[in-house]
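Okay, structure first, notes after.
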Amino acid sequence: MEHIALYRAWRPQSFQDMVGQQHIIQTLQNAIREQRISHAYLFSGPRGTGKTSAAKILAKAVNCERGPSTEPCNECEACLRITSGAVMDVQEIDAASNRGVEEIRDLREKVKYAPTEVRHKVYIIDEVHMLTTEAFNALLKTLEEPPPHVMFILATTEPHRLPATIISRCQRFDFRRVSLEEQTERLAMICKEENITAEEEALQYIARLSDGGMRDALSILDQVSSFTGGHVSYSQTLDMTGGLPAEQFSKLAKFLLQGEVGEVLQTVEQFMQEGKSADKSMENLLYYFRDLLLIKMVPDAERMTDRVLDPASFKGMADAFSKEQLFYIIDTLNRYQSEMKYAAQPQTLFEVALLKLCSLPQGGKESVSGAGEAVAVGSSELTAMKRQIAELEQKLEKALKNGGIGAGSTNQNSVTPARSNRPAAPRSSGVAKIPPHMDQYIAEKGSAEFTEVTRKWSQILQRVKEEKVTVHAWFVDGEPVSILNDAILVAFKNNIHRETTEKPANKQVIESVLEQQIGRPLRLVTMLQKDWLAAIEGSSDPKKEEEFTLEMEQVDGKKEPWIDEALELFGEKLVIIKE
């Protein structure tokens, strides 16, 4: 006899055969029992979860010669012919190949006629999101008020692509992914009926690979059983599907934790020799660390993932990592996975990602001993830092005593070290890029010439964009704040945008446009917006850092010895000098 694919042979023929959609089955059966059948249904959900099967079962239930009944008998002529697709009044339309307005107009003309073979005309439109906008518009009125003998069942995997006017005219049912337990149980039952011997671990792995789709699970089972001659083992399933056992990921994770670069590369090479793809290995490794994070952060988290077969082994490895480590690892793997989609050598990117994880600073890792006991991240480094701060505070206290600084001394400068728990923001030297003559810029910010520049600013930006769009992308972050003689001052929100705009080639483009629009040469001067606002709001006229430093050096004609001591101990960035 000709072999029929398992997913076709075991396609549900009644509501009780469906797996994992009890909330939908019960609602439909109640509607049939109470004779409250709707004229239009929308079945949405992932592929292989039973949308089209439920539509055909519903068509049989309402047209069964022994019904309408909550379950089709599958014995009468109507049920048998609908199952075989031989009833003209029950049509399954593929919207992907009949997506035009002409096909929908033809359907709209045919719905007027009464059914000739069964009780109700049923139109099952599969992948309905593929219809064109014009086709949807042609369907609207018929879908809202069809003849009493017509029922529409729309099926789609992408309901977000349907117009709201279509969705509002239907009763919507969302099919969910089938759980691991339900899929495994169904696969075991089918294996028993088909005389296939299968290990439970293999069936669980097949269910995980299907990602909640029963059709995909049956296709994988059919493929593996054909390869193994009717005996489905876990190892053979891994070989056939290109999967990797959790033990290999556990070994790889341990190598990453210990920074064993050679072992990591050797493991990757082993994956490739076994025929595993780099992108699939990356995906599985990402899932593995995601499960580790769940188990570490959530009690009984093994119930939240279908991939954990041995919670005890996962728990031991999860304890070996900190939450921060797992967050960093997942973020790194996810970033490289996105790049692998467009890489000519995905294996190289996979290896680079793993090598980067091997090169984590020791302060960002936890030490592992024996069964995988974890030590808090950076605990030893944190202790050493606290001890060092305590020593520095003792040295400072000693320096202050040697300098003869008392509580009641006057006309002296005091030194306040920045504490570790509240670091003071150091004054930047040469980094803030404060242009000279700031007081003059502030005075000219309301001049008539500046007002004219602001009025033309949108034209200037547009002209820069026409000259070079990449320069415009950086320059648009800034806005003019003042003009002084032959210089225009532009304040930027982001320092990277400011620095890129300051590059000679970019600056030349902008200054050329400024000359064209303003009518005279203008130099571009830049600064950060926060510095400009601080300069405007600073009513006390604070000293510039250079003048302030000079004044400190000239106190009593020389620097105080305890100032030198503090600067030597802490460095200039961690010392605040107050009058």
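Within each chain, counting starts at residue 1; across the structure tokens, chains are named A, B, ... in the order shown, with ligands numbered 1 upward in that order.
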Review point. Contacts of range 457-465 of chain A at 12 Å or less, counting only C-alpha atoms, minus same-chain residues fewer than 3 places along, as a PyMOL selection string?
Key: chain A and resi 450-454+468-481+488+490+501+506-518
Point to revise | Residue neighbourhood Ser53 in chain A, 10 Å, only C-alpha atoms, exclusion window fewer than 3 positions, as an MDAnalysis selection string | key: chainID A and resid 11:15 18 48:50 56:59
Write out the residues from the selection above, keeping C-alpha atoms, as a PDB file, in the first residue's frame.
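Result saved to again_25.pdb:
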```
ATOM      1  CA  ARG A  11      -5.331  14.357  11.032  1.00  0.00           C
ATOM      2  CA  PRO A  12      -8.162  14.880  13.579  1.00  0.00           C
ATOM      3  CA  GLN A  13     -11.563  13.858  12.220  1.00  0.00           C
ATOM      4  CA  SER A  14     -13.593  14.816  15.298  1.00  0.00           C
ATOM      5  CA  PHE A  15     -13.314  17.356  18.104  1.00  0.00           C
ATOM      6  CA  MET A  18      -7.854  17.455  18.630  1.00  0.00           C
ATOM      7  CA  GLY A  48       0.205  23.071  12.836  1.00  0.00           C
ATOM      8  CA  THR A  49      -2.097  23.722  15.807  1.00  0.00           C
ATOM      9  CA  GLY A  50      -5.326  22.491  14.158  1.00  0.00           C
ATOM     10  CA  LYS A  56     -13.456  20.933   8.558  1.00  0.00           C
ATOM     11  CA  ILE A  57     -14.721  19.202  11.713  1.00  0.00           C
ATOM     12  CA  LEU A  58     -17.082  22.133  12.344  1.00  0.00           C
ATOM     13  CA  ALA A  59     -18.314  21.888   8.734  1.00  0.00           C
TER      14      ALA A  59
END
```
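In this structure, CA of Glu127 in chain A sits 23.5 Å away from CA of Leu209 in chain A.
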Practice item. Give the answer as one residue: which of A:Ala138, A:Ile4, A:Leu154, A:Ile124 has the shortest atom-to-atom distance to Gln171 in chain A, using only C-alpha atoms? Key: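 Looking at the shortest contact to Gln171 in chain A, the residue is A:Leu154.
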Practice item. For Lys296 in chain A, work out the shell of residues within 8 Å, counting only C-alpha atoms and skipping chain neighbours fewer than 5 positions away, then give it as a VMD selection string. Key: chain A and resid 315 318 to 319 323
Just the selected residues (N, CA, C and O atoms), exported as an mmCIF file, in the first residue's frame, please.
```
data_model
loop_
_atom_site.group_PDB
_atom_site.id
_atom_site.type_symbol
_atom_site.label_atom_id
_atom_site.label_comp_id
_atom_site.auth_asym_id
_atom_site.auth_seq_id
_atom_site.Cartn_x
_atom_site.Cartn_y
_atom_site.Cartn_z
ATOM 1 N N LYS A 315 19.993 22.748 37.578
ATOM 2 C CA LYS A 315 20.110 23.511 38.815
ATOM 3 C C LYS A 315 21.566 23.645 39.230
ATOM 4 O O LYS A 315 22.021 24.714 39.635
ATOM 5 N N ALA A 318 23.173 26.127 36.903
ATOM 6 C CA ALA A 318 22.644 27.475 37.141
ATOM 7 C C ALA A 318 23.297 28.101 38.365
ATOM 8 O O ALA A 318 23.556 29.306 38.396
ATOM 9 N N ASP A 319 23.582 27.287 39.389
ATOM 10 C CA ASP A 319 24.231 27.811 40.594
ATOM 11 C C ASP A 319 25.661 28.255 40.320
ATOM 12 O O ASP A 319 26.223 29.043 41.090
ATOM 13 N N LYS A 323 23.505 35.905 38.128
ATOM 14 C CA LYS A 323 22.487 36.486 37.259
ATOM 15 C C LYS A 323 23.125 37.447 36.274
ATOM 16 O O LYS A 323 22.761 37.481 35.090
#
```
Check your understanding: Pick from A:Glu466, A:Asn334, A:Ile32, A:Leu203: nearest to Ile190 in chain A, with only C-alpha atoms counted?
Key ->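 Smallest distance to Ile190 in chain A is found for A:Leu203.
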Practice item. Extract, using only C-alpha atoms, all DNA, RNA and protein residues at most 6 Å from Asp126 in chain A, discarding same-chain residues fewer than 2 positions from it, and format them as a list in words. Key: Asp94, Ala95, Val128 and Ala155 of chain A
Practice item. Pick out each residue of range 213-283 of chain A that DSSP on the backbone tags as alpha helix (DSSP H); I need them as JSON, numbers by chain. Key: {"A": [214, 215, 216, 217, 218, 219, 220, 221, 222, 223, 224, 225, 226, 227, 228, 234, 235, 236, 237, 238, 239, 240, 241, 246, 247, 248, 249, 250, 251, 252, 253, 254, 255, 256, 257, 258, 261, 262, 263, 264, 265, 266, 267, 268, 269, 270, 271, 272, 273, 278, 279, 280, 281, 282, 283]}
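We find CA of Arg108 in chain A and CA of Thr142 in chain A to be spaced 6.6 Å apart.
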